[in-house]
Amino acid sequence: MGDHGFREFTDGFEKNAPYYFMNFNAVLLPQKDYSQFYEGISGVNQFRALLNSLFRQKLPYIKDTSILLVE
C-alpha cells in the first residue's frame with residue numbers, strides 16, 4: 001500500500017481532485033473473506049479491516065478522510 005496519490009501533474013493541479021489521494025493498494029487474504037473492505041476505504045481503516053479479519057479484532061472504523069498539506 002502506498003501513502004501518496006498521483007503526483008505527476010504537468011499543468012498544475014486541483015487541490016480537491018479525487019485522483020490526488022488515490023493510492024495503489026492490493027490485499028490478498030488467505031481465507032478470501034474481503035467483507036471488511038469497502039469502496040473508498042482509507043489507509044487507516046484498511047489496517048483496521050486487516051486486523052479485524054485476520055486476527056479477529058473488533059477495532060472500530062473511523063471516518064475516511066484525507067488532508068492535503070501545502071507549504
# chains A, B, ... in the order shown; residues from 1 in each chain; ligands from 1
>>> residues_around(residues="Gly40 (chain A)", least_positions_apart="5", cutoff="10 Å", atoms="only C-alpha atoms", output="list in words")
Met22, Asn45, Gln46, Asp64 and Thr65 of chain A
>>> atom_distance(atom1="CA of Ser66 (chain A)", atom2="CA of Asp33 (chain A)")
26.5 Å
>>> residues_around(residues="Ser53 (chain A)", least_positions_apart="6", cutoff="10 Å", atoms="only C-alpha atoms", output="list in words")
Leu29, Gln31, Lys32, Asp33, Tyr34, Ser35, Gln36, Phe37 and Phe47 of chain A
>>> write_last_selection(atoms="C-alpha atoms", output="PDB file, in the first residue's frame")
ATOM      1  CA  LEU A  29      -6.174 -12.660   2.346  1.00  0.00           C
ATOM      2  CA  GLN A  31      -9.318 -17.073   3.666  1.00  0.00           C
ATOM      3  CA  LYS A  32     -10.503 -14.818   0.787  1.00  0.00           C
ATOM      4  CA  ASP A  33     -13.023 -13.024   3.035  1.00  0.00           C
ATOM      5  CA  TYR A  34     -12.976  -9.385   1.974  1.00  0.00           C
ATOM      6  CA  SER A  35     -16.237  -8.423   3.691  1.00  0.00           C
ATOM      7  CA  GLN A  36     -14.407  -5.965   5.991  1.00  0.00           C
ATOM      8  CA  PHE A  37     -13.191  -3.938   2.990  1.00  0.00           C
ATOM      9  CA  PHE A  47      -5.305  -1.716   8.600  1.00  0.00           C
TER      10      PHE A  47
END
>>> residues_around(residues="Pro60 (chain A)", least_positions_apart="4", cutoff="10 Å", atoms="only C-alpha atoms", output="PyMOL selection string")
chain A and resi 45+48-49+52
>>> write_last_selection(atoms="all heavy atoms", output="PDB file, in the first residue's frame")
ATOM      1  N   ASN A  45      -8.275   2.785   7.905  1.00  0.00           N
ATOM      2  CA  ASN A  45      -9.316   1.771   8.049  1.00  0.00           C
ATOM      3  C   ASN A  45      -8.927   0.457   7.374  1.00  0.00           C
ATOM      4  O   ASN A  45      -9.410  -0.597   7.761  1.00  0.00           O
ATOM      5  CB  ASN A  45     -10.650   2.283   7.521  1.00  0.00           C
ATOM      6  CG  ASN A  45     -11.306   3.204   8.523  1.00  0.00           C
ATOM      7  OD1 ASN A  45     -11.117   3.073   9.721  1.00  0.00           O
ATOM      8  ND2 ASN A  45     -12.066   4.158   8.031  1.00  0.00           N
ATOM      9  N   ARG A  48      -7.284  -1.504   9.987  1.00  0.00           N
ATOM     10  CA  ARG A  48      -8.295  -1.982  10.929  1.00  0.00           C
ATOM     11  C   ARG A  48      -9.044  -3.180  10.331  1.00  0.00           C
ATOM     12  O   ARG A  48      -9.287  -4.172  11.021  1.00  0.00           O
ATOM     13  CB  ARG A  48      -9.267  -0.863  11.280  1.00  0.00           C
ATOM     14  CG  ARG A  48      -8.620   0.220  12.123  1.00  0.00           C
ATOM     15  CD  ARG A  48      -9.486   1.480  12.193  1.00  0.00           C
ATOM     16  NE  ARG A  48      -8.796   2.503  12.918  1.00  0.00           N
ATOM     17  CZ  ARG A  48      -9.067   2.846  14.177  1.00  0.00           C
ATOM     18  NH1 ARG A  48     -10.040   2.240  14.828  1.00  0.00           N
ATOM     19  NH2 ARG A  48      -8.384   3.781  14.772  1.00  0.00           N
ATOM     20  N   ALA A  49      -9.402  -3.091   9.060  1.00  0.00           N
ATOM     21  CA  ALA A  49     -10.090  -4.203   8.395  1.00  0.00           C
ATOM     22  C   ALA A  49      -9.201  -5.438   8.350  1.00  0.00           C
ATOM     23  O   ALA A  49      -9.665  -6.562   8.578  1.00  0.00           O
ATOM     24  CB  ALA A  49     -10.504  -3.794   6.980  1.00  0.00           C
ATOM     25  N   ASN A  52      -9.006  -6.831  11.878  1.00  0.00           N
ATOM     26  CA  ASN A  52     -10.306  -7.413  12.234  1.00  0.00           C
ATOM     27  C   ASN A  52     -10.524  -8.753  11.541  1.00  0.00           C
ATOM     28  O   ASN A  52     -11.028  -9.700  12.157  1.00  0.00           O
ATOM     29  CB  ASN A  52     -11.446  -6.460  11.882  1.00  0.00           C
ATOM     30  CG  ASN A  52     -11.501  -5.258  12.800  1.00  0.00           C
ATOM     31  OD1 ASN A  52     -10.863  -5.232  13.847  1.00  0.00           O
ATOM     32  ND2 ASN A  52     -12.237  -4.246  12.404  1.00  0.00           N
TER      33      ASN A  52
END
>>> residues_around(residues="Lys63 (chain A)", least_positions_apart="5", cutoff="10 Å", atoms="only C-alpha atoms", output="CSV table (one decimal) with N, CA, C and O atoms, in the first residue's frame")
chain,number,residue,atom,x,y,z
A,41,ILE,N,-12.1,2.8,1.0
A,41,ILE,CA,-11.5,2.6,2.3
A,41,ILE,C,-10.2,3.4,2.4
A,41,ILE,O,-9.4,3.4,1.5
A,42,SER,N,-10.0,4.1,3.5
A,42,SER,CA,-8.8,4.8,3.7
A,42,SER,C,-7.7,3.9,4.3
A,42,SER,O,-8.0,2.8,4.8
A,44,VAL,N,-6.0,4.1,7.0
A,44,VAL,CA,-6.1,3.8,8.5
A,44,VAL,C,-7.2,2.7,8.7
A,44,VAL,O,-7.1,1.9,9.5
A,45,ASN,N,-8.3,2.8,7.9
A,45,ASN,CA,-9.3,1.8,8.0
A,45,ASN,C,-8.9,0.5,7.4
A,45,ASN,O,-9.4,-0.6,7.8
>>> atom_distance(atom1="CA of Ile62 (chain A)", atom2="CA of Val27 (chain A)")
19.7 Å
>>> decode(residues="region 41-57 of chain A", atoms="all heavy atoms", output="PDB file, in the first residue's frame")
ATOM      1  N   ILE A  41     -12.137   2.816   1.016  1.00  0.00           N
ATOM      2  CA  ILE A  41     -11.549   2.634   2.346  1.00  0.00           C
ATOM      3  C   ILE A  41     -10.216   3.383   2.424  1.00  0.00           C
ATOM      4  O   ILE A  41      -9.429   3.386   1.488  1.00  0.00           O
ATOM      5  CB  ILE A  41     -11.372   1.125   2.667  1.00  0.00           C
ATOM      6  CG1 ILE A  41     -11.067   0.918   4.147  1.00  0.00           C
ATOM      7  CG2 ILE A  41     -10.330   0.492   1.790  1.00  0.00           C
ATOM      8  CD1 ILE A  41     -11.145  -0.531   4.601  1.00  0.00           C
ATOM      9  N   SER A  42     -10.004   4.066   3.542  1.00  0.00           N
ATOM     10  CA  SER A  42      -8.756   4.815   3.720  1.00  0.00           C
ATOM     11  C   SER A  42      -7.688   3.895   4.291  1.00  0.00           C
ATOM     12  O   SER A  42      -7.966   2.794   4.762  1.00  0.00           O
ATOM     13  CB  SER A  42      -8.995   5.994   4.669  1.00  0.00           C
ATOM     14  OG  SER A  42      -9.311   5.512   5.965  1.00  0.00           O
ATOM     15  N   GLY A  43      -6.446   4.358   4.265  1.00  0.00           N
ATOM     16  CA  GLY A  43      -5.346   3.559   4.779  1.00  0.00           C
ATOM     17  C   GLY A  43      -5.515   3.180   6.234  1.00  0.00           C
ATOM     18  O   GLY A  43      -5.230   2.050   6.638  1.00  0.00           O
ATOM     19  N   VAL A  44      -5.967   4.109   7.039  1.00  0.00           N
ATOM     20  CA  VAL A  44      -6.130   3.811   8.464  1.00  0.00           C
ATOM     21  C   VAL A  44      -7.210   2.750   8.682  1.00  0.00           C
ATOM     22  O   VAL A  44      -7.061   1.870   9.530  1.00  0.00           O
ATOM     23  CB  VAL A  44      -6.408   5.098   9.281  1.00  0.00           C
ATOM     24  CG1 VAL A  44      -7.764   5.672   8.960  1.00  0.00           C
ATOM     25  CG2 VAL A  44      -6.271   4.819  10.760  1.00  0.00           C
ATOM     26  N   ASN A  45      -8.275   2.785   7.905  1.00  0.00           N
ATOM     27  CA  ASN A  45      -9.316   1.771   8.049  1.00  0.00           C
ATOM     28  C   ASN A  45      -8.927   0.457   7.374  1.00  0.00           C
ATOM     29  O   ASN A  45      -9.410  -0.597   7.761  1.00  0.00           O
ATOM     30  CB  ASN A  45     -10.650   2.283   7.521  1.00  0.00           C
ATOM     31  CG  ASN A  45     -11.306   3.204   8.523  1.00  0.00           C
ATOM     32  OD1 ASN A  45     -11.117   3.073   9.721  1.00  0.00           O
ATOM     33  ND2 ASN A  45     -12.066   4.158   8.031  1.00  0.00           N
ATOM     34  N   GLN A  46      -8.060   0.523   6.398  1.00  0.00           N
ATOM     35  CA  GLN A  46      -7.609  -0.719   5.774  1.00  0.00           C
ATOM     36  C   GLN A  46      -6.866  -1.575   6.789  1.00  0.00           C
ATOM     37  O   GLN A  46      -7.056  -2.778   6.856  1.00  0.00           O
ATOM     38  CB  GLN A  46      -6.721  -0.454   4.571  1.00  0.00           C
ATOM     39  CG  GLN A  46      -6.216  -1.772   3.998  1.00  0.00           C
ATOM     40  CD  GLN A  46      -5.437  -1.586   2.744  1.00  0.00           C
ATOM     41  OE1 GLN A  46      -5.779  -0.748   1.929  1.00  0.00           O
ATOM     42  NE2 GLN A  46      -4.404  -2.353   2.580  1.00  0.00           N
ATOM     43  N   PHE A  47      -6.016  -0.952   7.585  1.00  0.00           N
ATOM     44  CA  PHE A  47      -5.305  -1.716   8.600  1.00  0.00           C
ATOM     45  C   PHE A  47      -6.266  -2.250   9.655  1.00  0.00           C
ATOM     46  O   PHE A  47      -6.101  -3.354  10.164  1.00  0.00           O
ATOM     47  CB  PHE A  47      -4.187  -0.889   9.224  1.00  0.00           C
ATOM     48  CG  PHE A  47      -2.983  -0.803   8.343  1.00  0.00           C
ATOM     49  CD1 PHE A  47      -2.645   0.379   7.726  1.00  0.00           C
ATOM     50  CD2 PHE A  47      -2.204  -1.925   8.108  1.00  0.00           C
ATOM     51  CE1 PHE A  47      -1.539   0.452   6.890  1.00  0.00           C
ATOM     52  CE2 PHE A  47      -1.100  -1.865   7.272  1.00  0.00           C
ATOM     53  CZ  PHE A  47      -0.765  -0.672   6.668  1.00  0.00           C
ATOM     54  N   ARG A  48      -7.284  -1.504   9.987  1.00  0.00           N
ATOM     55  CA  ARG A  48      -8.295  -1.982  10.929  1.00  0.00           C
ATOM     56  C   ARG A  48      -9.044  -3.180  10.331  1.00  0.00           C
ATOM     57  O   ARG A  48      -9.287  -4.172  11.021  1.00  0.00           O
ATOM     58  CB  ARG A  48      -9.267  -0.863  11.280  1.00  0.00           C
ATOM     59  CG  ARG A  48      -8.620   0.220  12.123  1.00  0.00           C
ATOM     60  CD  ARG A  48      -9.486   1.480  12.193  1.00  0.00           C
ATOM     61  NE  ARG A  48      -8.796   2.503  12.918  1.00  0.00           N
ATOM     62  CZ  ARG A  48      -9.067   2.846  14.177  1.00  0.00           C
ATOM     63  NH1 ARG A  48     -10.040   2.240  14.828  1.00  0.00           N
ATOM     64  NH2 ARG A  48      -8.384   3.781  14.772  1.00  0.00           N
ATOM     65  N   ALA A  49      -9.402  -3.091   9.060  1.00  0.00           N
ATOM     66  CA  ALA A  49     -10.090  -4.203   8.395  1.00  0.00           C
ATOM     67  C   ALA A  49      -9.201  -5.438   8.350  1.00  0.00           C
ATOM     68  O   ALA A  49      -9.665  -6.562   8.578  1.00  0.00           O
ATOM     69  CB  ALA A  49     -10.504  -3.794   6.980  1.00  0.00           C
ATOM     70  N   LEU A  50      -7.932  -5.239   8.073  1.00  0.00           N
ATOM     71  CA  LEU A  50      -6.984  -6.347   8.029  1.00  0.00           C
ATOM     72  C   LEU A  50      -6.861  -7.021   9.400  1.00  0.00           C
ATOM     73  O   LEU A  50      -6.953  -8.244   9.521  1.00  0.00           O
ATOM     74  CB  LEU A  50      -5.620  -5.834   7.566  1.00  0.00           C
ATOM     75  CG  LEU A  50      -4.557  -6.867   7.279  1.00  0.00           C
ATOM     76  CD1 LEU A  50      -4.933  -7.705   6.073  1.00  0.00           C
ATOM     77  CD2 LEU A  50      -3.233  -6.187   7.064  1.00  0.00           C
ATOM     78  N   LEU A  51      -6.689  -6.225  10.440  1.00  0.00           N
ATOM     79  CA  LEU A  51      -6.582  -6.777  11.794  1.00  0.00           C
ATOM     80  C   LEU A  51      -7.885  -7.426  12.239  1.00  0.00           C
ATOM     81  O   LEU A  51      -7.878  -8.472  12.898  1.00  0.00           O
ATOM     82  CB  LEU A  51      -6.160  -5.681  12.770  1.00  0.00           C
ATOM     83  CG  LEU A  51      -4.754  -5.128  12.561  1.00  0.00           C
ATOM     84  CD1 LEU A  51      -4.530  -3.884  13.413  1.00  0.00           C
ATOM     85  CD2 LEU A  51      -3.700  -6.181  12.844  1.00  0.00           C
ATOM     86  N   ASN A  52      -9.006  -6.831  11.878  1.00  0.00           N
ATOM     87  CA  ASN A  52     -10.306  -7.413  12.234  1.00  0.00           C
ATOM     88  C   ASN A  52     -10.524  -8.753  11.541  1.00  0.00           C
ATOM     89  O   ASN A  52     -11.028  -9.700  12.157  1.00  0.00           O
ATOM     90  CB  ASN A  52     -11.446  -6.460  11.882  1.00  0.00           C
ATOM     91  CG  ASN A  52     -11.501  -5.258  12.800  1.00  0.00           C
ATOM     92  OD1 ASN A  52     -10.863  -5.232  13.847  1.00  0.00           O
ATOM     93  ND2 ASN A  52     -12.237  -4.246  12.404  1.00  0.00           N
ATOM     94  N   SER A  53     -10.161  -8.850  10.286  1.00  0.00           N
ATOM     95  CA  SER A  53     -10.435 -10.084   9.544  1.00  0.00           C
ATOM     96  C   SER A  53      -9.410 -11.179   9.814  1.00  0.00           C
ATOM     97  O   SER A  53      -9.772 -12.338   9.964  1.00  0.00           O
ATOM     98  CB  SER A  53     -10.535  -9.807   8.046  1.00  0.00           C
ATOM     99  OG  SER A  53      -9.321  -9.296   7.561  1.00  0.00           O
ATOM    100  N   LEU A  54      -8.141 -10.842   9.916  1.00  0.00           N
ATOM    101  CA  LEU A  54      -7.114 -11.869  10.112  1.00  0.00           C
ATOM    102  C   LEU A  54      -6.921 -12.280  11.570  1.00  0.00           C
ATOM    103  O   LEU A  54      -6.639 -13.441  11.859  1.00  0.00           O
ATOM    104  CB  LEU A  54      -5.766 -11.400   9.564  1.00  0.00           C
ATOM    105  CG  LEU A  54      -5.623 -11.352   8.057  1.00  0.00           C
ATOM    106  CD1 LEU A  54      -4.239 -10.853   7.674  1.00  0.00           C
ATOM    107  CD2 LEU A  54      -5.885 -12.706   7.440  1.00  0.00           C
ATOM    108  N   PHE A  55      -7.065 -11.330  12.480  1.00  0.00           N
ATOM    109  CA  PHE A  55      -6.759 -11.599  13.883  1.00  0.00           C
ATOM    110  C   PHE A  55      -7.970 -11.481  14.810  1.00  0.00           C
ATOM    111  O   PHE A  55      -7.824 -11.362  16.023  1.00  0.00           O
ATOM    112  CB  PHE A  55      -5.626 -10.683  14.345  1.00  0.00           C
ATOM    113  CG  PHE A  55      -4.377 -10.863  13.528  1.00  0.00           C
ATOM    114  CD1 PHE A  55      -4.002  -9.895  12.622  1.00  0.00           C
ATOM    115  CD2 PHE A  55      -3.613 -12.006  13.644  1.00  0.00           C
ATOM    116  CE1 PHE A  55      -2.852 -10.050  11.851  1.00  0.00           C
ATOM    117  CE2 PHE A  55      -2.465 -12.177  12.883  1.00  0.00           C
ATOM    118  CZ  PHE A  55      -2.088 -11.208  11.981  1.00  0.00           C
ATOM    119  N   ARG A  56      -9.163 -11.442  14.204  1.00  0.00           N
ATOM    120  CA  ARG A  56     -10.429 -11.415  14.946  1.00  0.00           C
ATOM    121  C   ARG A  56     -10.510 -10.267  15.961  1.00  0.00           C
ATOM    122  O   ARG A  56     -11.043 -10.427  17.051  1.00  0.00           O
ATOM    123  CB  ARG A  56     -10.681 -12.750  15.627  1.00  0.00           C
ATOM    124  CG  ARG A  56     -10.808 -13.870  14.638  1.00  0.00           C
ATOM    125  CD  ARG A  56     -11.104 -15.161  15.297  1.00  0.00           C
ATOM    126  NE  ARG A  56     -11.079 -16.206  14.275  1.00  0.00           N
ATOM    127  CZ  ARG A  56     -10.857 -17.468  14.527  1.00  0.00           C
ATOM    128  NH1 ARG A  56     -10.668 -17.863  15.754  1.00  0.00           N
ATOM    129  NH2 ARG A  56     -10.849 -18.342  13.558  1.00  0.00           N
ATOM    130  N   GLN A  57      -9.944  -9.159  15.588  1.00  0.00           N
ATOM    131  CA  GLN A  57     -10.049  -7.969  16.428  1.00  0.00           C
ATOM    132  C   GLN A  57     -11.410  -7.323  16.179  1.00  0.00           C
ATOM    133  O   GLN A  57     -12.120  -7.668  15.248  1.00  0.00           O
ATOM    134  CB  GLN A  57      -8.920  -6.998  16.104  1.00  0.00           C
ATOM    135  CG  GLN A  57      -7.549  -7.557  16.370  1.00  0.00           C
ATOM    136  CD  GLN A  57      -7.358  -7.927  17.822  1.00  0.00           C
ATOM    137  OE1 GLN A  57      -7.488  -7.082  18.696  1.00  0.00           O
ATOM    138  NE2 GLN A  57      -7.060  -9.184  18.076  1.00  0.00           N
TER     139      GLN A  57
END
